[in-house]
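Undergrad: File upload_34.txt follows (compact mmCIF, C-alpha atoms and all ligand atoms):
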# COMPACT_ATOMS: atom_id res chain seq x y z
CA MET A 1 -2.40 -1.45 -6.23
CA ALA A 2 -3.91 -1.43 -2.76
CA ASP A 3 -7.67 -1.69 -3.12
CA GLY A 4 -8.55 -2.84 0.39
CA SER A 5 -8.69 -6.51 -0.56
CA TRP A 6 -7.39 -9.49 1.40
CA TYR A 7 -4.57 -9.96 -1.11
CA ASP A 8 -3.05 -6.44 -0.79
CA ALA A 9 -0.58 -7.63 1.83
CA ASP A 10 0.63 -10.48 -0.41
CA ILE A 11 1.19 -8.55 -3.65
CA ASP A 12 4.64 -7.04 -4.13
CA ARG A 13 3.77 -5.20 -7.33
CA VAL A 14 1.26 -5.08 -10.15
CA ILE A 15 2.61 -5.94 -13.60
CA ILE A 16 -0.52 -5.59 -15.75
CA THR A 17 -3.59 -3.73 -14.52
CA GLU A 18 -7.17 -4.91 -14.83
CA GLU A 19 -7.88 -2.15 -17.39
CA GLU A 20 -4.87 -3.10 -19.52
CA ILE A 21 -5.99 -6.72 -19.51
CA GLN A 22 -9.55 -5.88 -20.55
CA GLU A 23 -8.38 -3.63 -23.38
CA LYS A 24 -5.97 -6.28 -24.66
CA VAL A 25 -8.60 -9.02 -24.53
CA ARG A 26 -10.88 -6.94 -26.74
CA ALA A 27 -8.03 -6.28 -29.19
CA LEU A 28 -7.18 -10.00 -29.38
CA ALA A 29 -10.83 -10.87 -30.01
CA ALA A 30 -10.96 -8.33 -32.84
CA LYS A 31 -7.90 -9.90 -34.51
CA VAL A 32 -9.22 -13.44 -34.20
CA ALA A 33 -12.63 -12.34 -35.50
CA ALA A 34 -11.07 -10.66 -38.53
CA ASP A 35 -8.80 -13.61 -39.36
CA HIS A 36 -11.59 -16.17 -39.00
CA ALA A 37 -14.49 -14.26 -40.57
CA ASP A 38 -14.66 -16.99 -43.24
CA ALA A 39 -15.12 -19.85 -40.75
CA THR A 40 -18.42 -21.12 -42.11
CA ASP A 41 -18.94 -23.74 -39.40
CA GLY A 42 -17.66 -21.40 -36.69
CA LEU A 43 -14.81 -21.78 -34.22
CA LEU A 44 -14.22 -24.30 -31.50
CA LEU A 45 -12.64 -22.43 -28.60
CA VAL A 46 -10.67 -24.79 -26.36
CA CYS A 47 -10.01 -23.30 -22.93
CA VAL A 48 -7.01 -24.70 -21.05
CA LEU A 49 -8.24 -24.92 -17.46
CA LYS A 50 -7.80 -23.88 -14.83
CA GLY A 51 -5.57 -20.90 -15.62
CA ALA A 52 -7.41 -19.71 -18.73
CA LEU A 53 -10.86 -19.54 -17.12
CA MET A 54 -10.96 -15.73 -16.79
CA PHE A 55 -9.46 -15.17 -20.23
CA MET A 56 -11.91 -17.60 -21.84
CA ALA A 57 -14.89 -15.88 -20.21
CA ASP A 58 -13.83 -12.39 -21.31
CA PHE A 59 -12.38 -13.35 -24.69
CA SER A 60 -15.40 -15.42 -25.77
CA ARG A 61 -17.79 -12.60 -24.85
CA ALA A 62 -15.72 -10.05 -26.78
CA LEU A 63 -15.59 -12.41 -29.77
CA GLY A 64 -19.33 -13.02 -29.42
CA ARG A 65 -20.12 -9.46 -30.49
CA LEU A 66 -17.98 -9.81 -33.61
CA GLY A 67 -18.33 -13.42 -34.76
CA PRO A 68 -17.85 -15.95 -36.18
CA PRO A 69 -20.07 -18.07 -33.91
CA ALA A 70 -18.09 -20.13 -31.40
CA GLU A 71 -18.56 -23.31 -29.41
CA LEU A 72 -16.87 -23.38 -26.01
CA GLU A 73 -14.93 -26.47 -24.97
CA PHE A 74 -12.76 -27.14 -21.93
CA MET A 75 -9.72 -29.20 -21.14
CA ALA A 76 -7.99 -29.25 -17.78
CA VAL A 77 -4.26 -29.92 -17.75
CA SER A 78 -1.73 -29.39 -15.02
CA SER A 79 2.03 -29.46 -14.76
CA TYR A 80 2.86 -26.94 -12.05
CA GLY A 81 0.99 -28.47 -9.10
CA HIS A 82 1.70 -26.34 -6.03
CA GLY A 83 5.12 -25.14 -7.18
CA THR A 84 6.49 -22.27 -9.27
CA ALA A 85 8.29 -24.38 -11.90
CA SER A 86 6.95 -26.80 -14.46
CA SER A 87 7.25 -30.45 -13.48
CA GLY A 88 7.71 -31.16 -17.18
CA VAL A 89 4.90 -33.70 -17.01
CA VAL A 90 1.56 -32.54 -18.42
CA ARG A 91 -1.37 -34.35 -16.85
CA ILE A 92 -4.88 -34.33 -18.33
CA MET A 93 -7.37 -33.73 -15.54
CA LYS A 94 -10.28 -33.32 -17.96
CA ASP A 95 -10.35 -34.27 -21.62
CA LEU A 96 -12.42 -32.79 -24.47
CA ASP A 97 -16.02 -34.02 -24.50
CA ARG A 98 -16.37 -34.09 -28.25
CA ASP A 99 -14.85 -34.93 -31.58
CA ILE A 100 -12.78 -32.08 -33.06
CA ALA A 101 -11.95 -33.75 -36.38
CA GLY A 102 -12.21 -31.28 -39.27
CA ARG A 103 -12.91 -28.32 -36.97
CA ARG A 104 -11.14 -24.99 -36.77
CA VAL A 105 -9.82 -24.86 -33.23
CA VAL A 106 -8.57 -21.84 -31.30
CA VAL A 107 -6.73 -22.80 -28.12
CA VAL A 108 -7.36 -20.21 -25.41
CA GLU A 109 -4.39 -20.26 -23.03
CA ASP A 110 -3.51 -17.92 -20.20
CA ILE A 111 0.29 -18.12 -20.29
CA VAL A 112 3.12 -19.61 -22.30
CA ASP A 113 6.03 -19.98 -19.88
CA SER A 114 8.36 -22.92 -20.67
CA GLY A 115 6.08 -23.81 -23.61
CA LEU A 116 5.83 -27.43 -22.42
CA THR A 117 2.06 -27.41 -21.85
CA LEU A 118 1.23 -25.91 -25.21
CA SER A 119 3.72 -28.03 -27.12
CA TRP A 120 2.14 -31.15 -25.64
CA LEU A 121 -1.40 -29.84 -26.24
CA LEU A 122 -0.81 -28.93 -29.88
CA ARG A 123 0.48 -32.44 -30.61
CA TYR A 124 -2.54 -33.86 -28.83
CA LEU A 125 -5.05 -31.73 -30.80
CA GLU A 126 -3.32 -32.55 -34.08
CA SER A 127 -3.56 -36.27 -33.26
CA ARG A 128 -7.32 -35.71 -32.98
CA ASN A 129 -7.35 -34.36 -36.56
CA ALA A 130 -8.46 -30.76 -36.10
CA ALA A 131 -8.56 -28.96 -39.49
CA ARG A 132 -6.53 -26.08 -38.13
CA VAL A 133 -5.29 -25.09 -34.69
CA ASP A 134 -4.42 -21.50 -33.75
CA VAL A 135 -3.35 -20.38 -30.30
CA VAL A 136 -4.31 -17.21 -28.49
CA ALA A 137 -2.28 -16.67 -25.31
CA LEU A 138 -2.79 -13.66 -23.10
CA PHE A 139 0.71 -13.81 -21.58
CA ARG A 140 4.09 -15.12 -22.68
CA LYS A 141 7.51 -15.14 -21.01
CA PRO A 142 10.01 -14.96 -23.88
CA ASP A 143 13.01 -15.53 -21.59
CA ALA A 144 11.59 -18.72 -20.06
CA VAL A 145 10.92 -20.68 -23.23
CA ARG A 146 12.25 -24.26 -23.30
CA VAL A 147 10.21 -25.42 -26.30
CA GLU A 148 9.33 -23.11 -29.20
CA VAL A 149 5.60 -23.21 -29.92
CA PRO A 150 3.70 -21.39 -32.65
CA VAL A 151 1.47 -18.88 -30.87
CA ARG A 152 -0.42 -16.82 -33.41
CA TYR A 153 -1.92 -14.27 -31.03
CA VAL A 154 -0.09 -12.99 -27.93
CA GLY A 155 -1.36 -10.34 -25.50
CA PHE A 156 1.61 -9.35 -23.33
CA ASP A 157 5.24 -10.38 -22.99
CA LEU A 158 6.16 -10.68 -19.31
CA PRO A 159 9.49 -10.70 -17.45
CA ASN A 160 10.72 -14.10 -16.33
CA GLU A 161 9.12 -14.01 -12.90
CA PHE A 162 6.36 -16.07 -11.36
CA VAL A 163 3.10 -14.10 -11.56
CA VAL A 164 -0.42 -14.52 -10.20
CA GLY A 165 -3.88 -13.18 -10.91
CA TYR A 166 -6.48 -13.23 -13.68
CA GLY A 167 -6.62 -17.03 -13.50
CA LEU A 168 -2.96 -17.63 -12.68
CA ASP A 169 -2.38 -19.30 -9.33
CA TYR A 170 0.25 -19.99 -6.77
CA ALA A 171 -0.74 -23.21 -4.94
CA GLU A 172 -4.33 -22.74 -6.22
CA ARG A 173 -4.68 -19.26 -4.74
CA TYR A 174 -4.85 -15.75 -6.25
CA ARG A 175 -6.72 -16.83 -9.40
CA GLU A 176 -9.52 -14.36 -8.58
CA VAL A 177 -7.18 -11.36 -8.32
CA PRO A 178 -8.32 -9.10 -11.21
CA PHE A 179 -4.83 -7.91 -12.25
CA VAL A 180 -1.51 -9.69 -12.76
CA GLY A 181 1.20 -9.19 -10.17
CA VAL A 182 4.19 -10.63 -8.36
CA LEU A 183 3.92 -11.99 -4.82
CA ARG A 184 6.07 -10.87 -1.92
CA PRO A 185 8.87 -13.37 -1.15
CA GLU A 186 7.38 -14.08 2.32
CA VAL A 187 4.37 -15.71 0.69
CA TYR A 188 6.56 -18.52 -0.67
CA GLN A 189 8.22 -18.99 2.71
CA ARG A 190 4.89 -19.70 4.44
CA GLY A 191 5.01 -23.20 3.01
O1 LIG B 1 4.42 -23.02 -20.65
P1 LIG B 1 4.33 -23.82 -19.39
O2 LIG B 1 5.61 -23.76 -18.60
O3 LIG B 1 3.90 -25.23 -19.62
O4 LIG B 1 3.26 -23.11 -18.42
C1 LIG B 1 1.98 -22.73 -18.85
C2 LIG B 1 0.89 -23.54 -18.21
O5 LIG B 1 1.09 -23.68 -16.81
C3 LIG B 1 -0.06 -23.24 -16.11
O6 LIG B 1 -0.93 -24.31 -15.84
P2 LIG B 1 -0.79 -25.23 -14.51
O7 LIG B 1 -0.03 -26.47 -14.83
O8 LIG B 1 -0.31 -24.40 -13.40
O9 LIG B 1 -2.30 -25.66 -14.26
P3 LIG B 1 -3.52 -24.64 -13.87
O10 LIG B 1 -3.88 -23.92 -15.14
O11 LIG B 1 -4.60 -25.53 -13.38
O12 LIG B 1 -3.01 -23.70 -12.82
C4 LIG B 1 -0.70 -22.25 -17.04
O13 LIG B 1 -2.06 -22.06 -16.74
C5 LIG B 1 -0.44 -22.84 -18.42
O14 LIG B 1 -1.43 -23.77 -18.79
O1 LIG B 2 4.10 -17.32 -13.76
C1 LIG B 2 3.21 -18.18 -13.61
N1 LIG B 2 2.25 -18.05 -12.63
C2 LIG B 2 1.29 -18.94 -12.42
N2 LIG B 2 1.16 -20.07 -13.14
C3 LIG B 2 2.06 -20.27 -14.12
N3 LIG B 2 2.16 -21.30 -14.98
C4 LIG B 2 3.20 -21.05 -15.76
N4 LIG B 2 3.80 -19.88 -15.42
C5 LIG B 2 3.09 -19.36 -14.39
MG MG B 3 -1.21 -23.31 -12.08
What would the structure in this file look like if it were written as structure tokens?

TA:
Amino acid sequence: MADGSWYDADIDRVIITEEEIQEKVRALAAKVAADHADATDGLLLVCVLKGALMFMADFSRALGRLGPPAELEFMAVSSYGHGTASSGVVRIMKDLDRDIAGRRVVVVEDIVDSGLTLSWLLRYLESRNAARVDVVALFRKPDAVRVEVPVRYVGFDLPNEFVVGYGLDYAERYREVPFVGVLRPEVYQRG
């Protein structure tokens, strides 16, 4: 999708358009709102930075119109570094700032690829005694899974290819691209 931006030359093809993403985010928010309408003390949304930043911003605003009330929390974890495969080691770059014991938590994640990040995170949140933990993930790669994780809400299933955009990076770049696409092979050869 050439739109005259600096990244046009780097994108091989678009997989999910900006419009498709926005429509799906609203649909996911409607499902979460309906399922959690009885959450009397509201939801604790836990955004998994950095990748989920765009999804968290759009999802929380869509949920905001519907309820229940939400508190927004952030964790930063990393396992990909500058590569295109999981290192298998999940590192916490920023922990939660507050106690989640007894709270209904919704983990807001951009992508479930190998499943290693989420599997680690779910164990971590359970060890902190959340009352209930649901996961909403905008993207999932069913053919890449190495660890099965219970993801209650999924936006799109993707082919098993490395993708960028809408928060997803390659070597910290392309997060601001508004759609999700695949990079041209030359981009990886630049080093
Ligand atoms: O299912 P997995 O194979 O574990 O992959 C999914 C995770 O990997 C990415 O994070 P990354 O480690 O790249 O950190 P980032 O969000 O800061 O880019 C992505 O944002 C997910 O959190
Ligand atoms: O396909 C991907 N792209 C960017 N970051 C990722 N983290 C896991 N999978 C991916
Ligand atoms: Mg990354």

Undergrad: So that I can see what lies close to Asp95 in chain A, please list as a PyMOL selection string the residues with an atom at most 9 Å from it, counting all atoms listed in the file and leaving out residues fewer than 2 positions away in the same chain.

TA: chain A and resi 74-77+92-93+97-98

Undergrad: Need to verify the contact set: range 121-134 of chain A, 10 Å, all atoms listed in the file, exclusion of same-chain residues closer than 5 positions in sequence. Can you return it as number ranges by chain?

TA: A: 32, 44-46, 48, 75, 77, 90, 92, 96, 99-108, 115-116, 149-153

Undergrad: Can I get the residues close to ligand LIG 2 (chain B) as a ChimeraX atom specification, where close means within 6 Å and we count all atoms listed in the file?

TA: /A:113,162-164,168-170

Undergrad: List all protein, DNA and RNA residues that have any atom at most 8 Å from ligand MG 3 (chain B), counting only C-alpha atoms and all ligand atoms, and write the list as a PyMOL selection string.

TA: chain A and resi 50-51+78-82+168-172

Undergrad: Hey, which of A:Leu49, A:Leu72, A:Met56, A:Ala9 ends up closest to ligand LIG 1 (chain B)? Count all atoms listed in the file.

TA: A:Leu49

Undergrad: Just to confirm, what's the straight-line distance from CA of Ala70 in chain A to atom O8 of ligand LIG 1 (chain B) in Å (one decimal)?

TA: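 About the pair CA of Ala70 in chain A and atom O8 of ligand LIG 1 (chain B): they are 25.7 Å apart.
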
Undergrad: Counting all atoms listed in the file, which residues come within 9 Å of (2.5, -7.6, -6.3), with the point read in the file's coordinates, and could you list them as a ChimeraX atom specification?

TA: /A:1,8-15,163-164,180-184

Undergrad: Which value, in Å to one decimal, gives the distance between CA of Arg65 in chain A and CA of Glu18 in chain A?

TA: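 Computed distance, CA of Arg65 in chain A to CA of Glu18 in chain A, equals 20.8 Å.
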
Undergrad: Just need the box for ligand LIG 1 (chain B), edges along x, y and z, holding every atom the file lists for it with 4 Å tacked onto each side, so centre and edge lengths in Å to one decimal, as AutoDock Vina command-line options.

TA:
--center_x 0.5 --center_y -24.3 --center_z -16.7 --size_x 18.2 --size_y 12.4 --size_z 15.8

Undergrad: Give me the residues near Ala62 in chain A as a short mmCIF file (atom, residue, chain, number, x, y, z; two decimals) with C-alpha atoms, in the frame of the given file, where near means some atom within 12 Å (using only C-alpha atoms) and where sequence neighbours in that chain fewer than 3 positions away do not count.

TA:
data_model
loop_
_atom_site.label_atom_id
_atom_site.label_comp_id
_atom_site.auth_asym_id
_atom_site.auth_seq_id
_atom_site.Cartn_x
_atom_site.Cartn_y
_atom_site.Cartn_z
CA GLN A 22 -9.55 -5.88 -20.55
CA GLU A 23 -8.38 -3.63 -23.38
CA LYS A 24 -5.97 -6.28 -24.66
CA VAL A 25 -8.60 -9.02 -24.53
CA ARG A 26 -10.88 -6.94 -26.74
CA ALA A 27 -8.03 -6.28 -29.19
CA LEU A 28 -7.18 -10.00 -29.38
CA ALA A 29 -10.83 -10.87 -30.01
CA ALA A 30 -10.96 -8.33 -32.84
CA LYS A 31 -7.90 -9.90 -34.51
CA VAL A 32 -9.22 -13.44 -34.20
CA ALA A 33 -12.63 -12.34 -35.50
CA PHE A 55 -9.46 -15.17 -20.23
CA MET A 56 -11.91 -17.60 -21.84
CA ALA A 57 -14.89 -15.88 -20.21
CA ASP A 58 -13.83 -12.39 -21.31
CA PHE A 59 -12.38 -13.35 -24.69
CA ARG A 65 -20.12 -9.46 -30.49
CA LEU A 66 -17.98 -9.81 -33.61
CA GLY A 67 -18.33 -13.42 -34.76
CA PRO A 68 -17.85 -15.95 -36.18
CA PRO A 69 -20.07 -18.07 -33.91
CA ALA A 70 -18.09 -20.13 -31.40
#

Undergrad: Could you tell me how far atom O14 of ligand LIG 1 (chain B) lies from CA of Asp41 in chain A, in Å and to one decimal?

TA: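 CA of Asp41 in chain A lies at a distance of 27.0 Å from atom O14 of ligand LIG 1 (chain B).
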
Undergrad: When distances are computed from only C-alpha atoms and all ligand atoms, which of A:Leu43, A:Leu138, A:Val187, A:Ala37 shows the smallest separation from ligand LIG 1 (chain B)?

TA: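 Of A:Leu43, A:Leu138, A:Val187, A:Ala37, the one nearest ligand LIG 1 (chain B), counting only C-alpha atoms and all ligand atoms, is A:Leu138.
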
Undergrad: Would you please work out which residue, of A:Pro142, A:Arg173, A:Ala52, A:Arg190, is nearest to ligand LIG 1 (chain B) when using all atoms listed in the file?

TA: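 Selected residue with least distance to ligand LIG 1 (chain B): A:Ala52.
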
Undergrad: Write out as a CSV table (one decimal) with C-alpha atoms, in the coordinates of the input which residues come within 7 Å of range 159-161 of chain A when counting only C-alpha atoms, dropping same-chain ones fewer than 3 positions away.

TA:
chain,number,residue,atom,x,y,z
A,141,LYS,CA,7.5,-15.1,-21.0
A,143,ASP,CA,13.0,-15.5,-21.6
A,144,ALA,CA,11.6,-18.7,-20.1

Undergrad: Taking all atoms listed in the file into account, which of A:Leu53, A:Ala2, A:Ile16, A:Ala34 comes nearest ligand LIG 1 (chain B)?

TA: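 Ranked by minimum distance to ligand LIG 1 (chain B), first place goes to A:Leu53.
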